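Enquirer: One file is attached below, data_19.csv, containing CSV, C-alpha atoms.
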chain,number,residue,atom,x,y,z
A,1,MET,CA,133.4,63.2,88.0
A,2,LEU,CA,131.6,65.7,85.8
A,3,ASP,CA,131.4,68.3,88.5
A,4,ARG,CA,135.2,68.3,88.6
A,5,LEU,CA,135.2,69.6,85.0
A,6,SER,CA,134.6,73.2,86.0
A,7,PHE,CA,136.8,76.3,86.1
A,8,PRO,CA,136.6,77.7,89.7
A,9,GLN,CA,138.8,80.7,88.8
A,10,PRO,CA,137.8,81.6,85.2
A,11,TRP,CA,140.1,84.6,85.0
A,12,LEU,CA,143.1,82.6,86.2
A,13,SER,CA,142.3,79.9,83.7
A,14,LEU,CA,142.1,82.3,80.8
A,15,ILE,CA,145.4,84.0,81.8
A,16,LEU,CA,147.1,80.5,82.1
A,17,PHE,CA,145.7,79.5,78.7
A,18,LEU,CA,146.9,82.6,76.9
A,19,THR,CA,150.3,82.6,78.6
A,20,TRP,CA,150.8,79.0,77.5
A,21,GLN,CA,150.0,80.0,73.9
A,22,PHE,CA,152.5,82.8,74.0
A,23,LEU,CA,155.2,80.7,75.5
A,24,SER,CA,154.9,77.8,73.1
A,25,ASP,CA,156.3,78.4,69.6
A,26,GLY,CA,153.3,79.3,67.6
A,27,ILE,CA,149.7,78.1,68.2
A,28,SER,CA,149.2,74.5,67.2
A,29,GLY,CA,146.9,71.6,68.1
A,30,GLY,CA,149.2,70.4,70.8
A,31,SER,CA,149.7,73.7,72.5
A,32,LEU,CA,145.9,74.2,72.5
A,33,VAL,CA,145.2,70.9,74.2
A,34,LEU,CA,148.0,71.3,76.7
A,35,GLY,CA,146.9,74.8,77.4
A,36,LEU,CA,143.4,73.6,78.2
A,37,VAL,CA,144.7,70.9,80.4
A,38,LEU,CA,146.9,73.4,82.3
A,39,ALA,CA,144.1,76.0,82.5
A,40,TRP,CA,141.9,73.3,84.1
A,41,GLY,CA,144.4,71.5,86.3
A,42,ILE,CA,146.3,74.4,88.0
A,43,PRO,CA,143.3,76.1,89.5
A,44,GLN,CA,142.0,72.8,90.7
A,45,LEU,CA,145.3,72.0,92.4
A,46,THR,CA,145.8,75.5,94.0
A,47,GLN,CA,142.2,76.0,95.0
A,48,GLY,CA,142.9,75.6,98.6
A,49,PHE,CA,145.4,78.4,98.7
A,50,TRP,CA,143.2,81.1,97.2
A,51,PRO,CA,141.9,83.7,99.6
A,52,GLU,CA,138.3,84.8,99.7
A,53,ARG,CA,137.4,87.1,96.8
A,54,PRO,CA,136.6,90.7,97.6
A,55,ALA,CA,132.9,91.4,97.6
A,56,PHE,CA,133.1,94.4,95.4
A,57,MET,CA,136.0,95.2,93.1
A,58,LYS,CA,135.8,97.7,90.3
A,59,SER,CA,138.5,96.1,88.1
A,60,TRP,CA,138.0,98.5,85.2
A,61,ARG,CA,139.8,101.1,87.3
A,62,MET,CA,142.9,98.9,87.4
A,63,PRO,CA,144.5,100.0,84.0
A,64,ALA,CA,144.5,103.7,85.0
A,65,TYR,CA,146.0,102.8,88.4
A,66,LEU,CA,148.7,100.8,86.7
A,67,LEU,CA,149.6,103.6,84.3
A,68,VAL,CA,149.9,106.0,87.3
A,69,VAL,CA,152.2,103.6,89.0
A,70,LEU,CA,154.3,103.0,85.9
A,71,TRP,CA,154.7,106.7,85.4
A,72,ASP,CA,155.8,107.1,89.0
A,73,ILE,CA,158.3,104.3,88.7
A,74,VAL,CA,160.0,106.1,85.8
A,75,ILE,CA,159.9,109.5,87.5
A,76,ALA,CA,161.1,108.3,90.9
A,77,SER,CA,163.8,106.2,89.4
A,78,PHE,CA,165.5,109.3,88.1
A,79,SER,CA,165.4,110.9,91.5
A,80,VAL,CA,166.9,107.8,93.2
A,81,ALA,CA,169.6,107.7,90.5
A,82,LYS,CA,170.4,111.3,91.2
A,83,LEU,CA,170.6,110.6,94.9
A,84,ILE,CA,172.9,107.6,94.3
A,85,LEU,CA,175.3,109.6,92.2
A,86,SER,CA,175.4,112.7,94.4
A,87,PRO,CA,178.0,112.7,97.1
A,88,ARG,CA,175.7,113.7,100.0
A,89,LYS,CA,174.5,111.1,102.4
A,90,PRO,CA,170.8,110.0,102.2
A,91,GLU,CA,168.5,110.6,105.2
A,92,PRO,CA,166.6,107.3,105.6
A,93,VAL,CA,163.6,107.0,107.9
A,94,PHE,CA,161.3,104.2,109.1
A,95,VAL,CA,157.7,105.2,108.8
A,96,CYS,CA,154.7,103.6,110.4
A,97,TYR,CA,151.9,104.0,107.9
A,98,PRO,CA,148.3,103.7,109.3
A,99,LEU,CA,146.3,101.6,106.9
A,100,GLN,CA,142.8,102.5,106.0
A,101,LEU,CA,142.3,99.6,103.6
A,102,GLU,CA,140.9,96.4,105.0
A,103,HIS,CA,140.9,93.7,102.4
A,104,PRO,CA,144.1,91.6,102.3
A,105,LEU,CA,144.3,91.8,98.5
A,106,ALA,CA,144.1,95.6,98.5
A,107,ILE,CA,146.7,95.8,101.2
A,108,SER,CA,149.1,93.5,99.3
A,109,ILE,CA,148.6,95.6,96.1
A,110,LEU,CA,149.4,98.7,98.1
A,111,ALA,CA,152.5,97.2,99.6
A,112,SER,CA,153.7,96.0,96.2
A,113,THR,CA,153.2,99.5,94.8
A,114,ILE,CA,155.1,101.0,97.6
A,115,SER,CA,158.0,98.7,97.1
A,116,LEU,CA,158.0,99.2,93.3
A,117,THR,CA,158.1,103.0,93.4
A,118,PRO,CA,161.7,103.9,94.1
A,119,GLY,CA,162.5,105.6,97.4
A,120,THR,CA,160.2,103.5,99.5
A,121,VAL,CA,160.2,99.8,100.5
A,122,SER,CA,157.4,98.3,102.6
A,123,ALA,CA,159.2,96.2,105.1
A,124,ASP,CA,156.6,94.6,107.4
A,125,ILE,CA,152.9,94.6,108.4
A,126,SER,CA,151.7,94.6,112.0
A,127,ASP,CA,149.9,91.5,113.2
A,128,ASP,CA,146.5,93.1,113.3
A,129,GLU,CA,147.0,94.4,109.7
A,130,LYS,CA,146.5,98.0,110.8
A,131,MET,CA,150.0,99.4,110.3
A,132,LEU,CA,152.6,99.1,107.5
A,133,LEU,CA,156.3,99.6,108.2
A,134,ILE,CA,157.9,101.5,105.4
A,135,HIS,CA,161.5,102.4,104.9
A,136,ALA,CA,162.0,105.6,102.9
A,137,LEU,CA,165.4,106.3,101.4
A,138,ASP,CA,165.4,110.0,101.6
A,139,ALA,CA,162.6,112.0,103.3
A,140,ARG,CA,162.4,115.1,105.4
A,141,SER,CA,159.5,114.0,107.6
A,142,ASP,CA,157.2,111.1,108.2
A,143,ASP,CA,154.1,113.1,107.2
A,144,GLU,CA,155.5,113.8,103.8
A,145,VAL,CA,155.8,110.1,103.0
A,146,ILE,CA,152.4,109.2,104.6
A,147,ASP,CA,150.6,112.0,102.7
A,148,ALA,CA,152.2,111.2,99.4
A,149,ILE,CA,151.2,107.5,99.6
A,150,HIS,CA,147.7,108.2,100.9
A,151,THR,CA,146.7,110.7,98.1
A,152,ARG,CA,148.5,108.9,95.3
A,153,TYR,CA,147.9,105.2,95.9
A,154,GLU,CA,145.6,104.4,98.8
A,155,LYS,CA,142.7,106.6,97.7
A,156,PRO,CA,142.4,105.1,94.2
A,157,LEU,CA,142.6,101.6,95.8
A,158,MET,CA,139.9,102.5,98.3
A,159,GLU,CA,137.7,103.6,95.4
A,160,MET,CA,138.4,100.3,93.7
A,161,PHE,CA,137.6,98.1,96.6
A,162,LYS,CA,134.6,99.9,98.0
B,1,MET,CA,174.5,103.2,65.6
B,2,ILE,CA,172.7,100.3,67.2
B,3,THR,CA,176.1,98.4,67.4
B,4,ILE,CA,177.7,101.2,69.4
B,5,ALA,CA,174.8,101.5,71.7
B,6,LEU,CA,174.7,97.7,72.1
B,7,TYR,CA,178.4,97.5,73.0
B,8,ALA,CA,178.1,100.5,75.4
B,9,SER,CA,175.1,98.8,77.1
B,10,ILE,CA,176.9,95.5,77.4
B,11,ALA,CA,179.9,97.3,79.0
B,12,MET,CA,177.7,99.0,81.5
B,13,VAL,CA,175.8,95.8,82.5
B,14,THR,CA,179.1,93.9,82.8
B,15,LEU,CA,180.5,96.7,85.1
B,16,ALA,CA,177.3,96.5,87.1
B,17,ALA,CA,177.7,92.7,87.5
B,18,LEU,CA,181.3,93.2,88.7
B,19,LEU,CA,180.0,95.7,91.3
B,20,ASN,CA,177.5,93.2,92.4
B,21,VAL,CA,180.3,90.6,92.9
B,22,TYR,CA,182.2,93.2,95.0
B,23,ARG,CA,179.1,93.4,97.3
B,24,LEU,CA,178.8,89.7,97.3
B,25,ILE,CA,182.3,89.2,98.6
B,26,GLN,CA,182.4,92.3,100.8
B,27,GLY,CA,178.8,92.3,102.2
B,28,PRO,CA,179.0,92.5,106.0
B,29,ASP,CA,175.8,90.4,106.6
B,30,ALA,CA,174.0,87.5,105.0
B,31,PRO,CA,171.1,89.6,103.6
B,32,ASP,CA,173.6,91.8,101.8
B,33,ARG,CA,174.9,88.8,100.0
B,34,VAL,CA,171.5,87.5,99.1
B,35,LEU,CA,170.6,91.0,97.8
B,36,ALA,CA,173.8,91.0,95.7
B,37,LEU,CA,172.9,87.6,94.2
B,38,ASP,CA,169.3,88.8,93.5
B,39,THR,CA,170.7,91.7,91.6
B,40,LEU,CA,173.2,89.5,89.8
B,41,TYR,CA,170.6,87.2,88.3
B,42,ILE,CA,168.6,90.2,87.1
B,43,ASN,CA,171.8,91.5,85.4
B,44,ALA,CA,172.4,88.1,83.9
B,45,ILE,CA,168.9,88.3,82.3
B,46,ALA,CA,169.8,91.7,80.9
B,47,LEU,CA,173.1,90.3,79.5
B,48,ILE,CA,171.3,87.4,77.9
B,49,ILE,CA,168.8,89.7,76.2
B,50,LEU,CA,171.7,91.9,74.9
B,51,LEU,CA,173.5,88.8,73.6
B,52,GLY,CA,170.3,87.8,71.8
B,53,ILE,CA,170.1,91.2,70.1
B,54,THR,CA,173.8,91.0,69.2
B,55,LEU,CA,173.5,87.7,67.5
B,56,GLY,CA,170.1,88.5,66.1
B,57,THR,CA,168.4,85.4,67.5
B,58,ARG,CA,165.6,85.0,69.9
B,59,MET,CA,166.6,81.5,71.1
B,60,TYR,CA,168.1,82.7,74.3
B,61,LEU,CA,164.9,84.2,75.7
B,62,GLU,CA,163.8,80.8,77.0
B,63,SER,CA,166.8,80.6,79.2
B,64,ALA,CA,166.2,84.2,80.4
B,65,LEU,CA,162.7,83.2,81.4
B,66,LEU,CA,164.0,80.2,83.3
B,67,ILE,CA,166.6,82.3,85.1
B,68,ALA,CA,163.9,84.8,86.1
B,69,VAL,CA,161.7,82.0,87.6
B,70,MET,CA,164.5,80.1,89.4
B,71,GLY,CA,166.2,83.3,90.6
B,72,PHE,CA,163.0,84.5,92.3
B,73,VAL,CA,162.3,81.2,93.9
B,74,SER,CA,165.9,80.9,95.3
B,75,THR,CA,165.9,84.5,96.6
B,76,VAL,CA,162.6,83.9,98.5
B,77,ALA,CA,163.8,80.5,99.8
B,78,THR,CA,167.1,82.0,101.1
B,79,ALA,CA,165.4,84.9,102.7
B,80,LYS,CA,162.9,82.6,104.3
B,81,TYR,CA,165.7,80.4,105.6
B,82,LEU,CA,167.5,83.5,107.1
B,83,LYS,CA,164.3,84.5,108.8
B,84,ARG,CA,163.0,81.2,110.1
B,85,GLY,CA,165.9,78.8,110.0
B,86,SER,CA,164.0,76.4,107.7
B,87,VAL,CA,162.4,76.7,104.2
B,88,ILE,CA,159.4,74.5,104.5
B,89,GLU,CA,157.6,74.5,107.9
C,1,MET,CA,165.1,99.4,59.5
C,2,SER,CA,163.6,102.9,59.8
C,3,PRO,CA,165.8,105.6,61.4
C,4,LEU,CA,163.1,106.2,64.0
C,5,ALA,CA,163.3,102.5,65.2
C,6,GLU,CA,167.0,102.8,65.2
C,7,TYR,CA,167.0,105.9,67.5
C,8,THR,CA,164.5,104.3,69.8
C,9,ILE,CA,166.4,101.1,70.2
C,10,SER,CA,169.7,102.9,70.8
C,11,ALA,CA,168.2,105.2,73.4
C,12,LEU,CA,166.5,102.4,75.2
C,13,LEU,CA,169.7,100.3,75.2
C,14,ILE,CA,171.7,103.2,76.7
C,15,ILE,CA,169.0,104.0,79.3
C,16,GLY,CA,168.7,100.4,80.3
C,17,GLY,CA,172.5,100.0,80.7
C,18,ALA,CA,172.8,103.2,82.6
C,19,PHE,CA,170.0,102.3,85.1
C,20,THR,CA,171.4,98.9,85.7
C,21,LEU,CA,174.8,100.4,86.3
C,22,ILE,CA,173.4,103.1,88.7
C,23,GLY,CA,171.6,100.4,90.6
C,24,ALA,CA,174.8,98.4,91.0
C,25,ILE,CA,176.7,101.6,92.1
C,26,GLY,CA,174.0,102.1,94.7
C,27,LEU,CA,174.4,98.5,95.9
C,28,ALA,CA,178.2,99.0,96.2
C,29,ARG,CA,178.4,102.4,97.8
C,30,LEU,CA,175.3,103.1,99.9
C,31,PRO,CA,176.0,102.8,103.6
C,32,ASP,CA,173.6,100.2,105.2
C,33,PHE,CA,171.5,97.3,104.1
C,34,PHE,CA,168.1,99.1,104.0
C,35,THR,CA,169.4,101.9,101.8
C,36,ARG,CA,171.1,99.3,99.6
C,37,LEU,CA,167.7,97.6,99.2
C,38,HIS,CA,166.5,100.7,97.2
C,39,GLY,CA,169.1,100.8,94.5
C,40,PRO,CA,169.0,97.4,92.9
C,41,THR,CA,165.4,96.3,93.4
C,42,LYS,CA,164.1,99.3,91.5
C,43,ALA,CA,166.7,100.9,89.4
C,44,THR,CA,167.8,97.5,88.1
C,45,THR,CA,164.2,96.4,87.4
C,46,LEU,CA,163.6,99.5,85.4
C,47,GLY,CA,167.0,99.0,83.5
C,48,VAL,CA,166.1,95.4,82.6
C,49,GLY,CA,162.6,96.7,81.5
C,50,ALA,CA,164.2,99.2,79.1
C,51,VAL,CA,166.5,96.5,77.7
C,52,MET,CA,163.6,94.2,77.1
C,53,LEU,CA,161.6,97.0,75.4
C,54,SER,CA,164.5,97.6,73.1
C,55,SER,CA,164.6,93.9,72.3
C,56,VAL,CA,160.9,94.0,71.5
C,57,VAL,CA,161.3,97.0,69.2
C,58,TYR,CA,164.4,95.4,67.5
C,59,PHE,CA,162.9,92.1,66.7
C,60,SER,CA,159.6,93.5,65.6
C,61,SER,CA,161.3,96.0,63.2
C,62,THR,CA,163.5,93.2,61.7
C,63,GLY,CA,160.3,91.2,61.1
C,64,GLN,CA,161.0,88.3,63.4
C,65,GLY,CA,157.6,88.5,65.1
C,66,ILE,CA,156.6,90.5,68.2
C,67,GLY,CA,158.4,89.6,71.4
C,68,ILE,CA,155.7,88.4,73.8
C,69,SER,CA,158.3,86.4,75.8
C,70,GLU,CA,160.2,89.6,76.6
C,71,ILE,CA,157.0,91.2,77.8
C,72,LEU,CA,156.3,88.1,79.9
C,73,ILE,CA,159.8,88.3,81.5
C,74,THR,CA,159.3,92.0,82.2
C,75,VAL,CA,155.9,91.5,83.8
C,76,PHE,CA,157.3,88.6,85.9
C,77,LEU,CA,160.2,90.7,87.1
C,78,PHE,CA,157.9,93.6,88.0
C,79,LEU,CA,155.6,91.2,89.9
C,80,THR,CA,158.4,89.5,91.8
C,81,ALA,CA,160.7,92.4,92.7
C,82,PRO,CA,158.5,93.8,95.6
C,83,VAL,CA,158.0,90.3,97.0
C,84,SER,CA,161.7,89.5,97.2
C,85,ALA,CA,162.5,93.0,98.6
C,86,ASN,CA,159.9,92.5,101.3
C,87,MET,CA,161.2,89.0,102.2
C,88,LEU,CA,164.8,90.3,102.4
C,89,ALA,CA,163.7,93.3,104.5
C,90,LYS,CA,161.9,91.0,106.9
C,91,ALA,CA,165.0,88.7,107.1
C,92,ALA,CA,167.3,91.7,107.8
C,93,MET,CA,165.0,92.9,110.5
C,94,HIS,CA,164.9,89.5,112.1
C,95,ILE,CA,168.7,89.2,112.1
C,96,GLY,CA,169.0,92.8,113.4
C,97,VAL,CA,171.2,94.3,110.7
C,98,LYS,CA,172.8,97.6,111.7
C,99,THR,CA,171.2,100.7,110.3
C,100,MET,CA,172.8,104.0,109.5
C,101,ASP,CA,173.5,106.4,112.3
C,102,ASN,CA,171.2,109.1,111.0
C,103,THR,CA,168.2,106.8,110.4
C,104,ARG,CA,165.1,108.2,112.2
C,105,GLY,CA,162.5,105.8,113.5
C,106,LYS,CA,163.1,102.2,114.4
C,107,PRO,CA,162.0,98.9,112.9
C,108,TRP,CA,159.5,97.4,115.4
C,109,ASP,CA,160.0,93.8,116.5
C,110,GLN,CA,157.1,91.5,117.2
Starting from the file, give its structure as structure tokens.

Expert:
Amino acid sequence: MLDRLSFPQPWLSLILFLTWQFLSDGISGGSLVLGLVLAWGIPQLTQGFWPERPAFMKSWRMPAYLLVVLWDIVIASFSVAKLILSPRKPEPVFVCYPLQLEHPLAISILASTISLTPGTVSADISDDEKMLLIHALDARSDDEVIDAIHTRYEKPLMEMFK
Amino acid sequence: MITIALYASIAMVTLAALLNVYRLIQGPDAPDRVLALDTLYINAIALIILLGITLGTRMYLESALLIAVMGFVSTVATAKYLKRGSVIE
Amino acid sequence: MSPLAEYTISALLIIGGAFTLIGAIGLARLPDFFTRLHGPTKATTLGVGAVMLSSVVYFSSTGQGIGISEILITVFLFLTAPVSANMLAKAAMHIGVKTMDNTRGKPWDQ
């Protein structure tokens, strides 16, 4: 029984606990107890679904990466807005992006980043996890899209997961 | 000044919701309609937040949070249904 | 309320409303499904983010506490938008939605 009283995912437990405190109306005894129960119970219940942790992850590089992505979202939103309002037709293109990342977590972070930055949506991943299918709203050539994503997002992620 | 900006913002979000309804009715394929619904619930969240600012209360935020969670789950479930023909395999 | 907070709130409200509207215009007038996917999932998310930010500034300047629920909603929307866009794109590719005439490249099927 006692070995069940552990926190297999300490970070997830901490985040769950803090989120519960924010959601409940002010910190009180009840919310502390319920937060602790949730922080213990949810990781236990979902443990089977968690993928293997990456061996090396430099998580202190994450905030800088997030800031770059946030800035790009704002900038690129303006260009997509301009495109939507202008009368000319967009020139969409499907791009096959060759992945150099290997860890599934890194790939899913990259795919989410691509979808969040306006102008590109990651549509699918090949079965061997080597290619990513990207739909770009308005691009002159494939290489333009591939280069932009590689230098801006994939390189920092490769640094992070080395 | 905030009042004017607030009303302008509410007008724009409402117009956006109407355009989403147009796509929901018009949309040639099923994914178009799901996409319109997805956008519609995000606009509903924006409207709830704006209503909260107008009335000066924060009570409606809980409902906005609920709509966010439920909307995401229903979009993913519908997309999965369109792809596989069933939600839970 | 200080004038600076007032200007910030008004600007954020207008930006948020405008982006939401532009996303909806994109949804209504872009020609095929995959191009429509770009308008709402991103422009709208940014619009709602700006509206949330204005709500945070408003309630903290009127002294009703800082708005952590708003930030939670925004983070949640930003986390879920790419996932739902990806699922919808996969569903559309499975169904075989028509693409625009001048689309280069093809979605693969497997």

Enquirer: I need the contact residues of chain B against chain A, so if you could list those with any atom within 12 Å, counting all atoms listed in the file, and return them as a PyMOL selection string, that would help.

Expert: chain B and resi 58-59+61-62+65-66

Enquirer: Compare B:Ala17, B:Thr39, B:Arg84, B:Gly56 by their minimum atom-to-atom distance to Lys90 in chain C, counting all atoms listed in the file, and give me the closest one.

Expert: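 Nearest to Lys90 in chain C: B:Arg84.
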
Enquirer: Quick one: of C:Val48, C:Ile71, C:Leu37, C:Ala5, who's nearest to Leu21 in chain C, counting only C-alpha atoms?

Expert: C:Val48

Enquirer: Compute the set of chain B residues within 7 Å of chain C, using all atoms listed in the file, and express it as a ChimeraX atom specification.

Expert: /B:2,5-6,9,12-13,15-16,19-20,23,31-32,39,46,49,53,61,65,72,75-76,79-80,82-83

Enquirer: For chain A, report every residue with an atom at most 7 Å from chain C (counting all atoms listed in the file), formatted as a PyMOL selection string.

Expert: chain A and resi 22-23+77+81+84+91-95+112+115-116+118-119+122-124+137

Enquirer: From the set A:Trp40, A:Tyr97, A:Phe161, A:Phe49, which residue has the shortest atom-to-atom contact distance to Met131 in chain A, counting all atoms listed in the file?

Expert: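 Among A:Trp40, A:Tyr97, A:Phe161, A:Phe49, it is A:Tyr97 that comes nearest to Met131 in chain A.
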
Enquirer: Between B:Thr78, B:Gln26, B:Ser86, B:Asn43, which one has atoms that come closest to Ala11 in chain B, using all atoms listed in the file?

Expert: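 For Ala11 in chain B, the nearest of the candidates is B:Asn43.
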
Enquirer: Between CA of Ser31 in chain A and CA of Gln47 in chain A, what is the distance in Å, rounded to a tenth?

Expert: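 Between CA of Ser31 in chain A and CA of Gln47 in chain A the gap is 23.8 Å.
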
Enquirer: Distance CA of Ile10 in chain B-CA of Lys82 in chain A, one decimal place?

Expert: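 Computed distance, CA of Ile10 in chain B to CA of Lys82 in chain A, equals 22.0 Å.
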
Enquirer: Expressed in Å to a single decimal, how great is the separation between CA of Ile125 in chain A and CA of Glu154 in chain A?

Expert: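 Between CA of Ile125 in chain A and CA of Glu154 in chain A the gap works out to 15.5 Å.
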
Enquirer: If we count all atoms listed in the file and set the cut-off at 12 Å, which residues sit around Trp71 in chain A, ignoring sequence neighbours fewer than 2 positions away in its own chain? Please answer as a VMD selection string.

Expert: (chain A and resid 64 to 69 73 to 78 113 116 to 118 152) or (chain C and resid 46)

Enquirer: From the coordinates supplied, range 33-41 of chain B should be written with all heavy atoms, as a compact mmCIF listing (two decimals), in the first residue's frame.

Expert:
# COMPACT_ATOMS: atom_id res chain seq x y z
N ARG B 33 -17.92 21.93 -41.99
CA ARG B 33 -18.91 22.24 -40.95
C ARG B 33 -18.30 22.08 -39.57
O ARG B 33 -18.55 22.88 -38.66
CB ARG B 33 -20.12 21.33 -41.10
CG ARG B 33 -20.87 21.59 -42.39
CD ARG B 33 -21.97 20.57 -42.57
NE ARG B 33 -22.23 20.35 -43.98
CZ ARG B 33 -23.12 21.04 -44.66
NH1 ARG B 33 -23.82 21.96 -44.09
NH2 ARG B 33 -23.31 20.79 -45.94
N VAL B 34 -17.50 21.02 -39.39
CA VAL B 34 -16.86 20.83 -38.08
C VAL B 34 -15.93 22.01 -37.77
O VAL B 34 -15.89 22.52 -36.65
CB VAL B 34 -16.09 19.50 -38.03
CG1 VAL B 34 -15.47 19.31 -36.67
CG2 VAL B 34 -17.00 18.36 -38.35
N LEU B 35 -15.20 22.45 -38.80
CA LEU B 35 -14.30 23.59 -38.62
C LEU B 35 -15.09 24.83 -38.24
O LEU B 35 -14.68 25.60 -37.36
CB LEU B 35 -13.52 23.83 -39.92
CG LEU B 35 -12.48 24.94 -39.89
CD1 LEU B 35 -11.41 24.60 -38.87
CD2 LEU B 35 -11.86 25.11 -41.25
N ALA B 36 -16.26 25.03 -38.88
CA ALA B 36 -17.09 26.19 -38.55
C ALA B 36 -17.56 26.11 -37.10
O ALA B 36 -17.54 27.10 -36.37
CB ALA B 36 -18.29 26.25 -39.49
N LEU B 37 -17.95 24.89 -36.66
CA LEU B 37 -18.38 24.74 -35.26
C LEU B 37 -17.23 25.03 -34.30
O LEU B 37 -17.41 25.67 -33.26
CB LEU B 37 -18.90 23.32 -35.03
CG LEU B 37 -20.36 23.08 -35.38
CD1 LEU B 37 -20.70 21.64 -35.12
CD2 LEU B 37 -21.23 23.98 -34.52
N ASP B 38 -16.03 24.55 -34.67
CA ASP B 38 -14.84 24.76 -33.84
C ASP B 38 -14.60 26.25 -33.66
O ASP B 38 -14.39 26.74 -32.54
CB ASP B 38 -13.67 24.10 -34.55
CG ASP B 38 -12.42 24.09 -33.71
OD1 ASP B 38 -12.41 23.39 -32.70
OD2 ASP B 38 -11.47 24.80 -34.05
N THR B 39 -14.66 27.01 -34.78
CA THR B 39 -14.46 28.45 -34.69
C THR B 39 -15.58 29.11 -33.90
O THR B 39 -15.35 30.06 -33.15
CB THR B 39 -14.40 29.04 -36.10
OG1 THR B 39 -13.68 28.16 -36.92
CG2 THR B 39 -13.72 30.38 -36.08
N LEU B 40 -16.78 28.57 -34.06
CA LEU B 40 -17.95 29.16 -33.38
C LEU B 40 -17.79 29.08 -31.86
O LEU B 40 -18.10 30.04 -31.14
CB LEU B 40 -19.20 28.42 -33.83
CG LEU B 40 -20.53 29.13 -33.63
CD1 LEU B 40 -20.50 30.48 -34.31
CD2 LEU B 40 -21.65 28.30 -34.21
N TYR B 41 -17.28 27.94 -31.36
CA TYR B 41 -17.18 27.88 -29.89
C TYR B 41 -16.08 28.79 -29.38
O TYR B 41 -16.21 29.38 -28.30
CB TYR B 41 -17.03 26.44 -29.40
CG TYR B 41 -15.65 25.87 -29.26
CD1 TYR B 41 -14.84 26.24 -28.20
CD2 TYR B 41 -15.16 24.95 -30.16
CE1 TYR B 41 -13.57 25.70 -28.07
CE2 TYR B 41 -13.90 24.41 -30.03
CZ TYR B 41 -13.11 24.80 -28.98
OH TYR B 41 -11.87 24.27 -28.85
